[in-house]
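Structure file start.txt; described as compact mmCIF, C-alpha atoms and all ligand atoms.
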```
# COMPACT_ATOMS: atom_id res chain seq x y z
CA MET A 1 -2.98 -8.30 -17.16
CA ILE A 2 -1.99 -7.83 -13.53
CA LYS A 3 -3.14 -9.83 -10.56
CA PHE A 4 -2.60 -8.84 -6.97
CA CYS A 5 -3.65 -9.57 -3.42
CA THR A 6 -2.81 -8.31 0.02
CA LEU A 7 -0.94 -10.70 2.32
CA ALA A 8 -1.84 -8.46 5.27
CA SER A 9 -3.16 -4.94 5.68
CA GLY A 10 -3.27 -2.62 8.70
CA SER A 11 -1.08 -1.20 11.46
CA SER A 12 0.19 -4.64 12.44
CA GLY A 13 1.58 -5.34 8.98
CA ASN A 14 1.23 -4.59 5.28
CA SER A 15 2.31 -6.48 2.22
CA LEU A 16 0.83 -6.70 -1.26
CA TYR A 17 1.78 -9.34 -3.81
CA LEU A 18 1.54 -8.29 -7.45
CA GLU A 19 2.15 -10.42 -10.52
CA SER A 20 2.30 -9.65 -14.23
CA LYS A 21 3.34 -11.82 -17.16
CA TYR A 22 7.06 -11.44 -16.45
CA SER A 23 7.26 -10.10 -12.89
CA LYS A 24 6.48 -11.04 -9.34
CA ILE A 25 6.91 -8.34 -6.74
CA LEU A 26 5.90 -7.34 -3.24
CA ILE A 27 4.88 -3.82 -2.40
CA ASP A 28 5.97 -3.59 1.26
CA ALA A 29 6.96 -6.51 3.48
CA GLY A 30 5.67 -5.56 6.92
CA ILE A 31 4.83 -8.99 8.30
CA SER A 32 7.17 -11.76 9.41
CA PHE A 33 9.31 -13.52 6.84
CA ARG A 34 7.63 -16.77 7.83
CA ARG A 35 4.17 -15.43 7.05
CA ILE A 36 5.31 -14.00 3.72
CA SER A 37 6.95 -17.25 2.79
CA ARG A 38 3.91 -19.31 3.81
CA SER A 39 1.37 -17.02 2.12
CA LEU A 40 3.30 -16.95 -1.13
CA GLY A 41 3.88 -20.69 -0.89
CA ASN A 42 0.13 -21.28 -0.75
CA MET A 43 -0.05 -19.54 -4.14
CA GLY A 44 2.78 -21.62 -5.54
CA VAL A 45 5.31 -18.77 -5.34
CA ALA A 46 8.66 -19.01 -3.55
CA VAL A 47 10.31 -15.95 -1.98
CA SER A 48 13.26 -16.58 -4.31
CA ASP A 49 10.88 -16.17 -7.28
CA LEU A 50 10.36 -12.51 -6.36
CA ASP A 51 11.95 -9.92 -8.63
CA ALA A 52 11.70 -7.16 -6.05
CA VAL A 53 10.35 -5.83 -2.80
CA VAL A 54 9.35 -2.21 -3.27
CA LEU A 55 8.97 -0.20 -0.06
CA SER A 56 6.57 2.71 0.36
CA HIS A 57 8.37 3.90 3.52
CA GLU A 58 10.51 2.61 6.36
CA HIS A 59 7.88 2.08 9.07
CA GLU A 60 8.07 -1.37 10.58
CA ASP A 61 4.53 -2.33 9.57
CA HIS A 62 5.75 -2.00 5.96
CA SER A 63 9.30 -3.28 6.19
CA ARG A 64 9.58 -5.91 8.94
CA ALA A 65 10.77 -8.80 6.74
CA VAL A 66 13.10 -7.13 4.25
CA GLY A 67 16.27 -7.99 6.16
CA LYS A 68 15.54 -11.69 5.82
CA MET A 69 14.57 -11.80 2.17
CA SER A 70 17.99 -12.80 0.96
CA GLU A 71 18.77 -12.16 -2.69
CA VAL A 72 15.54 -10.27 -3.36
CA PRO A 73 16.37 -6.69 -4.46
CA VAL A 74 14.86 -4.05 -2.16
CA TYR A 75 13.71 -0.88 -3.90
CA VAL A 76 13.63 2.20 -1.67
CA SER A 77 13.32 5.92 -2.31
CA GLY A 78 16.54 7.93 -2.36
CA GLU A 79 16.26 9.55 1.03
CA THR A 80 15.30 6.25 2.64
CA THR A 81 18.50 4.58 1.42
CA GLY A 82 20.47 6.18 4.24
CA PHE A 83 18.06 4.78 6.79
CA TRP A 84 18.76 1.23 5.62
CA GLU A 85 22.47 1.74 5.26
CA GLY A 86 22.49 3.03 8.82
CA LYS A 87 21.03 -0.28 9.89
CA ARG A 88 23.67 -2.29 8.07
CA ASN A 89 25.18 -3.55 11.29
CA GLY A 90 22.91 -5.98 12.92
CA HIS A 91 19.47 -4.40 13.13
CA ARG A 92 16.91 -7.14 12.78
CA ASN A 93 15.13 -5.31 9.94
CA GLY A 94 18.02 -3.72 8.16
CA ASN A 95 20.61 -6.43 8.53
CA GLY A 96 21.11 -7.90 5.10
CA ALA A 97 18.93 -5.38 3.29
CA ALA A 98 21.66 -2.79 2.80
CA GLU A 99 23.50 -5.00 0.31
CA ARG A 100 20.40 -5.39 -1.84
CA LEU A 101 19.18 -1.80 -2.01
CA ARG A 102 18.10 -0.32 -5.33
CA GLU A 103 17.46 3.35 -5.02
CA PHE A 104 14.61 5.05 -6.84
CA ASP A 105 13.84 8.73 -7.09
CA SER A 106 10.49 9.55 -5.52
CA GLU A 107 9.52 11.46 -8.67
CA GLU A 108 10.87 9.16 -11.39
CA PRO A 109 9.28 6.03 -12.87
CA PHE A 110 11.45 2.90 -12.84
CA SER A 111 11.13 -0.53 -14.41
CA ILE A 112 11.14 -4.07 -13.12
CA ASN A 113 10.96 -6.39 -16.14
CA ASP A 114 7.60 -5.64 -17.82
CA LEU A 115 6.37 -3.38 -15.00
CA THR A 116 6.72 0.38 -14.84
CA ILE A 117 6.41 1.67 -11.32
CA THR A 118 5.79 5.35 -10.76
CA PRO A 119 6.33 6.56 -7.20
CA PHE A 120 4.90 9.83 -5.97
CA SER A 121 5.45 11.64 -2.68
CA VAL A 122 2.76 11.46 -0.02
CA GLU A 123 2.28 13.30 3.26
CA HIS A 124 3.13 10.90 6.10
CA ASP A 125 5.42 11.00 9.13
CA ALA A 126 8.24 8.98 7.54
CA ILE A 127 11.54 9.97 5.85
CA ASP A 128 10.49 9.99 2.20
CA PRO A 129 7.12 8.20 1.93
CA VAL A 130 5.59 7.42 -1.45
CA GLY A 131 2.54 5.91 -3.09
CA PHE A 132 2.80 3.99 -6.36
CA THR A 133 1.13 3.33 -9.62
CA VAL A 134 2.11 0.11 -11.37
CA THR A 135 1.47 -0.67 -15.02
CA ASP A 136 2.38 -3.48 -17.40
CA GLY A 137 1.47 -1.29 -20.36
CA SER A 138 -2.12 -2.48 -20.50
CA VAL A 139 -3.57 -1.88 -17.03
CA LYS A 140 -2.72 0.52 -14.22
CA ILE A 141 -2.99 -0.12 -10.48
CA GLY A 142 -2.78 2.69 -7.91
CA ILE A 143 -1.60 1.92 -4.39
CA VAL A 144 -1.76 4.41 -1.51
CA THR A 145 -1.74 3.63 2.18
CA ASP A 146 -0.32 5.76 4.99
CA ILE A 147 -1.16 9.17 3.62
CA GLY A 148 -2.12 12.13 5.76
CA LYS A 149 -4.19 13.83 3.11
CA PRO A 150 -5.09 13.48 -0.55
CA THR A 151 -2.83 16.11 -2.11
CA ALA A 152 -3.13 17.38 -5.69
CA LEU A 153 -0.16 15.14 -6.60
CA VAL A 154 -1.87 12.06 -5.15
CA ILE A 155 -5.09 12.83 -7.04
CA GLU A 156 -3.23 13.48 -10.30
CA SER A 157 -1.18 10.31 -9.93
CA LEU A 158 -4.18 8.07 -9.30
CA LYS A 159 -6.17 9.21 -12.32
CA GLY A 160 -6.87 6.60 -14.98
CA CYS A 161 -6.36 3.52 -12.79
CA ASP A 162 -8.11 0.20 -13.50
CA ALA A 163 -7.84 -0.77 -9.82
CA LEU A 164 -7.09 1.16 -6.65
CA VAL A 165 -5.74 0.06 -3.31
CA LEU A 166 -6.85 2.92 -1.13
CA GLU A 167 -6.26 3.60 2.54
CA SER A 168 -9.46 3.92 4.56
CA ASN A 169 -7.96 3.97 8.03
CA HIS A 170 -10.44 5.30 10.53
CA ASP A 171 -13.84 6.69 11.27
CA ARG A 172 -13.24 10.13 12.79
CA GLU A 173 -15.94 9.79 15.39
CA MET A 174 -14.71 6.40 16.55
CA LEU A 175 -11.15 7.71 16.68
CA PHE A 176 -11.99 10.75 18.82
CA SER A 177 -14.43 8.98 21.12
CA GLY A 178 -12.20 5.92 21.47
CA SER A 179 -9.45 4.91 23.87
CA TYR A 180 -6.43 6.37 22.05
CA PRO A 181 -4.60 9.15 23.92
CA PRO A 182 -5.03 12.65 22.44
CA TYR A 183 -1.52 12.78 20.95
CA LEU A 184 -2.19 9.59 19.01
CA GLN A 185 -5.61 10.80 17.86
CA GLN A 186 -3.85 13.92 16.55
CA ARG A 187 -1.09 11.93 14.88
CA ILE A 188 -3.48 9.62 13.09
CA SER A 189 -5.96 12.27 11.95
CA GLY A 190 -3.36 14.96 11.19
CA GLY A 191 -1.99 15.88 7.78
CA HIS A 192 0.89 13.39 8.13
CA GLY A 193 -1.06 10.44 9.52
CA HIS A 194 -3.74 8.33 7.91
CA LEU A 195 -6.83 8.84 5.74
CA SER A 196 -10.26 8.69 7.35
CA ASN A 197 -13.12 6.90 5.61
CA GLU A 198 -14.48 10.28 4.51
CA GLN A 199 -11.14 11.43 3.09
CA SER A 200 -10.73 8.13 1.30
CA ALA A 201 -14.20 8.40 -0.21
CA SER A 202 -13.57 11.96 -1.36
CA LEU A 203 -10.28 10.87 -2.95
CA LEU A 204 -12.23 8.13 -4.72
CA ARG A 205 -14.69 10.75 -5.98
CA GLU A 206 -11.79 12.77 -7.46
CA VAL A 207 -10.26 9.87 -9.38
CA LEU A 208 -13.40 7.95 -10.34
CA HIS A 209 -13.67 7.36 -14.10
CA ASP A 210 -15.32 4.95 -16.51
CA GLY A 211 -12.35 2.58 -16.61
CA LEU A 212 -12.13 1.99 -12.86
CA LYS A 213 -13.11 -1.60 -12.07
CA TYR A 214 -11.94 -2.34 -8.58
CA VAL A 215 -11.38 -0.55 -5.26
CA LEU A 216 -9.69 -2.35 -2.41
CA LEU A 217 -9.95 -0.46 0.89
CA ALA A 218 -6.81 -0.98 2.94
CA HIS A 219 -4.96 -0.26 6.21
CA LEU A 220 -8.17 -0.20 8.25
CA SER A 221 -7.74 0.47 11.95
CA ALA A 222 -8.79 -2.43 14.18
CA LYS A 223 -10.00 -0.11 16.95
CA ASN A 224 -11.26 2.94 15.12
CA ASN A 225 -13.06 1.53 12.10
CA SER A 226 -15.11 -1.34 10.82
CA PRO A 227 -15.18 -2.85 7.33
CA GLU A 228 -18.89 -1.98 7.11
CA MET A 229 -18.30 1.71 7.85
CA ALA A 230 -15.41 1.98 5.41
CA LEU A 231 -17.42 0.24 2.69
CA ARG A 232 -20.47 2.41 3.30
CA CYS A 233 -18.50 5.64 2.67
CA SER A 234 -17.01 4.44 -0.62
CA LEU A 235 -20.22 2.83 -1.85
CA GLU A 236 -22.05 6.10 -1.24
CA VAL A 237 -19.65 7.90 -3.58
CA LEU A 238 -20.07 5.21 -6.23
CA ARG A 239 -23.84 5.36 -5.92
CA GLN A 240 -23.93 9.15 -6.18
CA ASN A 241 -21.92 8.89 -9.37
CA GLY A 242 -23.86 6.01 -10.92
CA ALA A 243 -20.85 3.72 -10.67
CA ALA A 244 -22.00 1.26 -8.01
CA ASP A 245 -22.85 -1.41 -10.58
CA ARG A 246 -19.57 -1.38 -12.45
CA VAL A 247 -16.98 -0.84 -9.69
CA ALA A 248 -16.39 -3.65 -7.20
CA VAL A 249 -15.35 -2.59 -3.70
CA SER A 250 -13.97 -4.76 -0.93
CA VAL A 251 -11.91 -4.48 2.23
CA ALA A 252 -8.44 -5.97 2.63
CA PRO A 253 -8.42 -8.33 5.63
CA ARG A 254 -5.98 -7.33 8.38
CA SER A 255 -4.18 -10.58 9.02
CA THR A 256 -5.11 -13.04 6.31
CA VAL A 257 -4.48 -13.15 2.58
CA GLY A 258 -7.07 -11.16 0.64
CA GLU A 259 -8.87 -12.23 -2.50
CA VAL A 260 -6.83 -12.31 -5.69
CA ILE A 261 -7.90 -9.45 -7.94
CA THR A 262 -7.19 -9.67 -11.65
CA VAL A 263 -7.45 -6.64 -13.95
ZN ZN A 301 1.32 1.65 7.90
ZN ZN A 302 3.50 4.49 8.12
```

Here is a file; write its structure as structure tokens.
Amino acid sequence: MIKFCTLASGSSGNSLYLESKYSKILIDAGISFRRISRSLGNMGVAVSDLDAVVLSHEHEDHSRAVGKMSEVPVYVSGETTGFWEGKRNGHRNGNGAAERLREFDSEEPFSINDLTITPFSVEHDAIDPVGFTVTDGSVKIGIVTDIGKPTALVIESLKGCDALVLESNHDREMLFSGSYPPYLQQRISGGHGHLSNEQSASLLREVLHDGLKYVLLAHLSAKNNSPEMALRCSLEVLRQNGAADRVAVSVAPRSTVGEVITV
């Protein structure tokens, strides 16, 4: 059994708390240390109880607090290690993290107590960005945010999950008719940016199976999306495939702790 919840989700900060029988970890730590500490505290968990912080990539909205999480091991992909070591001297994010780095290979599963975490490369404008699947041997959770497109590797990796945390960043029409400058519209919608609602829904269609119980839509844009629009796209896919009754879908709130999901 695994339970998880987002502490925050979106371009102003991402962090997901995940707990199994013998492990407590964060996937990403992109909000302030104070908020992480307070949010975990409300669940009866201290930062020092964490076995690991596992980073998907180095962007600040995923890594802001790692420098301050003293004594918690920080798992980063091989090519990202250099980024953190380069920040050894005094950077507000990196300071203190370099001593606690545990390097993983972006193609090799690794273990934290009873959890097996399998990273896989994703297309995003970072050094060595990855998505993850996490299993305790009985259930499997897939987690992908910040991906430019659903590649064959992403689809293959997310097959067979009991729960998915899936980026549903923007509505294309809102993005292109909105206030963002053209270069930013290109960056977000391009192959190394973020998934639109439509792309997210089509990824869901590819990996949908009888065992899927929960879909949490994540990393929604505040300006270029709405929870209703993101939900509508995914629900349509579930309906078309006769799965709307057995798969629960919700949206991760941007700046508050999300509901605790147990699978
Ligand atoms: Zn992000
Ligand atoms: Zn990013």

*May I ask you to write as a PyMOL selection string all residues lying at most 6 Å from ligand ZN 301 (chain A), with only C-alpha atoms and all ligand atoms counted?*
chain A and resi 11+61+146

*What is the distance between atom CA of Ser63 of chain A and atom CA of Asp28 of chain A, in Å to one decimal?*
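Interatomic distance, atom CA of Ser63 of chain A to atom CA of Asp28 of chain A: 6.0 Å.
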
_Show me which residues line ligand ZN 302 (chain A), defined as having an atom within 9 Å of a ligand atom where only C-alpha atoms and all ligand atoms count, and present them as a VMD selection string._
chain A and resid 11 56 to 62 124 to 126 129 145 to 147 193 to 194

*Residue nearest Asn224 of chain A among A:Asp245, A:Asp171, A:Glu123, A:Glu206 (counting all atoms listed in the file)*: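 Distance minimum relative to Asn224 of chain A lands on A:Asp171.
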
*Exercise: residues within 12 Å of coordinate (-10.9, -9.3, 4.0), counting all atoms listed in the file, as a VMD selection string*: chain A and resid 5 to 10 216 to 220 226 to 228 231 249 to 260

Which residues, written as a tab-separated table (two decimals) with C-alpha atoms, in the coordinates of the input, have at least one atom at most 12 Å from Leu175 of chain A, with all atoms listed in the file counted and residues fewer than 4 positions away on the same chain left out?
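Okay, selection.tsv is ready:
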```tsv
chain	number	residue	atom	x	y	z
A	169	ASN	CA	-7.96	3.97	8.03
A	170	HIS	CA	-10.44	5.30	10.53
A	171	ASP	CA	-13.84	6.69	11.27
A	179	SER	CA	-9.45	4.91	23.87
A	180	TYR	CA	-6.43	6.37	22.05
A	181	PRO	CA	-4.60	9.15	23.92
A	182	PRO	CA	-5.03	12.65	22.44
A	183	TYR	CA	-1.52	12.78	20.95
A	184	LEU	CA	-2.19	9.59	19.01
A	185	GLN	CA	-5.61	10.80	17.86
A	186	GLN	CA	-3.85	13.92	16.55
A	187	ARG	CA	-1.09	11.93	14.88
A	188	ILE	CA	-3.48	9.62	13.09
A	189	SER	CA	-5.96	12.27	11.95
A	190	GLY	CA	-3.36	14.96	11.19
A	194	HIS	CA	-3.74	8.33	7.91
A	195	LEU	CA	-6.83	8.84	5.74
A	196	SER	CA	-10.26	8.69	7.35
A	197	ASN	CA	-13.12	6.90	5.61
A	220	LEU	CA	-8.17	-0.20	8.25
A	221	SER	CA	-7.74	0.47	11.95
A	222	ALA	CA	-8.79	-2.43	14.18
A	223	LYS	CA	-10.00	-0.11	16.95
A	224	ASN	CA	-11.26	2.94	15.12
A	225	ASN	CA	-13.06	1.53	12.10
A	226	SER	CA	-15.11	-1.34	10.82
```

*With a distance cut-off of 7 Å and all atoms listed in the file, select the neighbouring residues of segment 80-83 of chain A, excluding the residue or stretch itself and same-chain residues fewer than 5 positions from it, and output the selection as number ranges by chain.*
A: 103, 127-128

*Dig up all the protein and nucleic acid residues within 8 Å of (3.8, -9.3, 8.0) in the file frame, using all atoms listed in the file, and format them as a list in words.*
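Result, sorted by chain then residue number: Leu7, Ala8, Ser12, Gly13, Asn14, Ser15, Ala29, Gly30, Ile31, Ser32, Phe33, Arg35, Ile36, Asp61, His62, Arg64 and Ala65 of chain A.
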
Quick one: 5 Å padding each side, axis-aligned, all listed atoms of segment 102-108 of chain A - centre and edge lengths in Å to one decimal, as AutoDock Vina command-line options?
```
--center_x 13.8 --center_y 5.6 --center_z -8.2 --size_x 18.6 --size_y 21.8 --size_z 16.4
```

*When you draw a straight line from atom CA of Ala163 of chain A to atom CA of Arg100 of chain A, how long is it in Å?*
29.7 Å

_Please determine, counting only C-alpha atoms, which residue among A:Glu167, A:Glu19, A:Glu71, A:Glu108 has the shortest atom-to-atom distance to Val47 of chain A._
A:Glu71

*Please indicate the distance in Å from atom CA of Val53 of chain A to atom CA of Phe104 of chain A, rounded to one decimal place.*
12.4 Å

*Of the candidates A:Leu238, A:Leu158, A:Leu164, A:Ala243, which one gets nearest to Tyr214 of chain A if we count only C-alpha atoms?*
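Nearest to Tyr214 of chain A: A:Leu164.
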
*Pick out the residues sitting within 7 Å of segment 208-213 of chain A, and hand them over as a list in words; count only C-alpha atoms, and ignore anything fewer than 2 positions along from it in its own chain.*
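That gives Gly160, Cys161, Asp162, Ala163, Leu204, Arg205, Glu206, Arg246, Val247 and Ala248 of chain A.
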
*Do a neighbour search on Val263 of chain A at 7 Å with all atoms listed in the file, toss out local chain neighbours closer than 5 positions, and write the hits as a ChimeraX atom specification.*
/A:1-3,139,162

Taking C-alpha atoms for each residue, export the selection above as a tab-separated table (two decimals), keeping the file's coordinate frame.
```tsv
chain	number	residue	atom	x	y	z
A	1	MET	CA	-2.98	-8.30	-17.16
A	2	ILE	CA	-1.99	-7.83	-13.53
A	3	LYS	CA	-3.14	-9.83	-10.56
A	139	VAL	CA	-3.57	-1.88	-17.03
A	162	ASP	CA	-8.11	0.20	-13.50
```

*Can you work out which one of A:Ala152, A:Met69, A:Cys233, A:Val76 has the shortest atom-to-atom distance to Val207 of chain A, counting all atoms listed in the file?*
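Closest to Val207 of chain A of all the choices is A:Ala152.
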
*Nearest to Val74 of chain A, chosen from A:Lys21, A:Ser234, A:Pro150, A:Ala98, with all atoms listed in the file counted in the distances*: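 Answer, going by the shortest atom-to-atom distance: A:Ala98.
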
*So which residues touch Ser111 of chain A within 12 Å, counting only C-alpha atoms, skipping near sequence neighbours fewer than 2 positions away, as a PyMOL selection string?*
chain A and resi 22-23+25+51-52+54+75+102-104+108-109+113-119+133-137

Starting from the sparse input, extend segment 31-57 of chain A to N, CA and C atoms and give the output as an mmCIF file, in the coordinates of the input.
```
data_model
loop_
_atom_site.group_PDB
_atom_site.id
_atom_site.type_symbol
_atom_site.label_atom_id
_atom_site.label_comp_id
_atom_site.auth_asym_id
_atom_site.auth_seq_id
_atom_site.Cartn_x
_atom_site.Cartn_y
_atom_site.Cartn_z
ATOM 1 N N ILE A 31 5.188 -7.873 7.410
ATOM 2 C CA ILE A 31 4.830 -8.990 8.300
ATOM 3 C C ILE A 31 6.054 -9.898 8.403
ATOM 4 N N SER A 32 5.977 -10.940 9.215
ATOM 5 C CA SER A 32 7.170 -11.760 9.410
ATOM 6 C C SER A 32 7.544 -12.485 8.110
ATOM 7 N N PHE A 33 8.827 -12.785 8.007
ATOM 8 C CA PHE A 33 9.310 -13.520 6.840
ATOM 9 C C PHE A 33 8.573 -14.851 6.703
ATOM 10 N N ARG A 34 8.325 -15.489 7.847
ATOM 11 C CA ARG A 34 7.630 -16.770 7.830
ATOM 12 C C ARG A 34 6.236 -16.673 7.215
ATOM 13 N N ARG A 35 5.521 -15.617 7.601
ATOM 14 C CA ARG A 35 4.170 -15.430 7.050
ATOM 15 C C ARG A 35 4.211 -15.117 5.562
ATOM 16 N N ILE A 36 5.178 -14.307 5.153
ATOM 17 C CA ILE A 36 5.310 -14.000 3.720
ATOM 18 C C ILE A 36 5.586 -15.276 2.945
ATOM 19 N N SER A 37 6.533 -16.024 3.465
ATOM 20 C CA SER A 37 6.950 -17.250 2.790
ATOM 21 C C SER A 37 5.780 -18.252 2.698
ATOM 22 N N ARG A 38 5.031 -18.376 3.796
ATOM 23 C CA ARG A 38 3.910 -19.310 3.810
ATOM 24 C C ARG A 38 2.776 -18.846 2.890
ATOM 25 N N SER A 39 2.466 -17.548 2.946
ATOM 26 C CA SER A 39 1.370 -17.020 2.120
ATOM 27 C C SER A 39 1.680 -17.143 0.637
ATOM 28 N N LEU A 40 2.921 -16.806 0.276
ATOM 29 C CA LEU A 40 3.300 -16.950 -1.130
ATOM 30 C C LEU A 40 3.307 -18.419 -1.528
ATOM 31 N N GLY A 41 3.814 -19.253 -0.629
ATOM 32 C CA GLY A 41 3.880 -20.690 -0.890
ATOM 33 C C GLY A 41 2.515 -21.273 -1.215
ATOM 34 N N ASN A 42 1.495 -20.801 -0.493
ATOM 35 C CA ASN A 42 0.130 -21.280 -0.750
ATOM 36 C C ASN A 42 -0.348 -20.908 -2.159
ATOM 37 N N MET A 43 0.309 -19.915 -2.758
ATOM 38 C CA MET A 43 -0.050 -19.540 -4.140
ATOM 39 C C MET A 43 0.930 -20.145 -5.139
ATOM 40 N N GLY A 44 1.811 -20.978 -4.653
ATOM 41 C CA GLY A 44 2.780 -21.620 -5.540
ATOM 42 C C GLY A 44 3.952 -20.725 -5.903
ATOM 43 N N VAL A 45 4.211 -19.702 -5.074
ATOM 44 C CA VAL A 45 5.310 -18.770 -5.340
ATOM 45 C C VAL A 45 6.330 -18.867 -4.211
ATOM 46 N N ALA A 46 7.607 -18.985 -4.563
ATOM 47 C CA ALA A 46 8.660 -19.010 -3.550
ATOM 48 C C ALA A 46 9.205 -17.583 -3.385
ATOM 49 N N VAL A 47 9.727 -17.276 -2.194
ATOM 50 C CA VAL A 47 10.310 -15.950 -1.980
ATOM 51 C C VAL A 47 11.421 -15.693 -3.010
ATOM 52 N N SER A 48 12.166 -16.737 -3.342
ATOM 53 C CA SER A 48 13.260 -16.580 -4.310
ATOM 54 C C SER A 48 12.765 -16.305 -5.732
ATOM 55 N N ASP A 49 11.463 -16.515 -5.973
ATOM 56 C CA ASP A 49 10.880 -16.170 -7.280
ATOM 57 C C ASP A 49 10.662 -14.660 -7.427
ATOM 58 N N LEU A 50 10.685 -13.937 -6.302
ATOM 59 C CA LEU A 50 10.360 -12.510 -6.360
ATOM 60 C C LEU A 50 11.445 -11.719 -7.085
ATOM 61 N N ASP A 51 11.009 -10.802 -7.929
ATOM 62 C CA ASP A 51 11.950 -9.920 -8.630
ATOM 63 C C ASP A 51 12.311 -8.710 -7.783
ATOM 64 N N ALA A 52 11.456 -8.367 -6.840
ATOM 65 C CA ALA A 52 11.700 -7.160 -6.050
ATOM 66 C C ALA A 52 10.752 -7.060 -4.873
ATOM 67 N N VAL A 53 11.236 -6.366 -3.847
ATOM 68 C CA VAL A 53 10.350 -5.830 -2.800
ATOM 69 C C VAL A 53 10.466 -4.325 -2.923
ATOM 70 N N VAL A 54 9.347 -3.661 -3.097
ATOM 71 C CA VAL A 54 9.350 -2.210 -3.270
ATOM 72 C C VAL A 54 8.715 -1.602 -2.016
ATOM 73 N N LEU A 55 9.463 -0.740 -1.333
ATOM 74 C CA LEU A 55 8.970 -0.200 -0.060
ATOM 75 C C LEU A 55 8.372 1.195 -0.224
ATOM 76 N N SER A 56 7.195 1.382 0.386
ATOM 77 C CA SER A 56 6.570 2.710 0.360
ATOM 78 C C SER A 56 7.223 3.651 1.369
ATOM 79 N N HIS A 57 7.646 3.125 2.508
ATOM 80 C CA HIS A 57 8.370 3.900 3.520
ATOM 81 C C HIS A 57 8.927 2.933 4.557
#
```
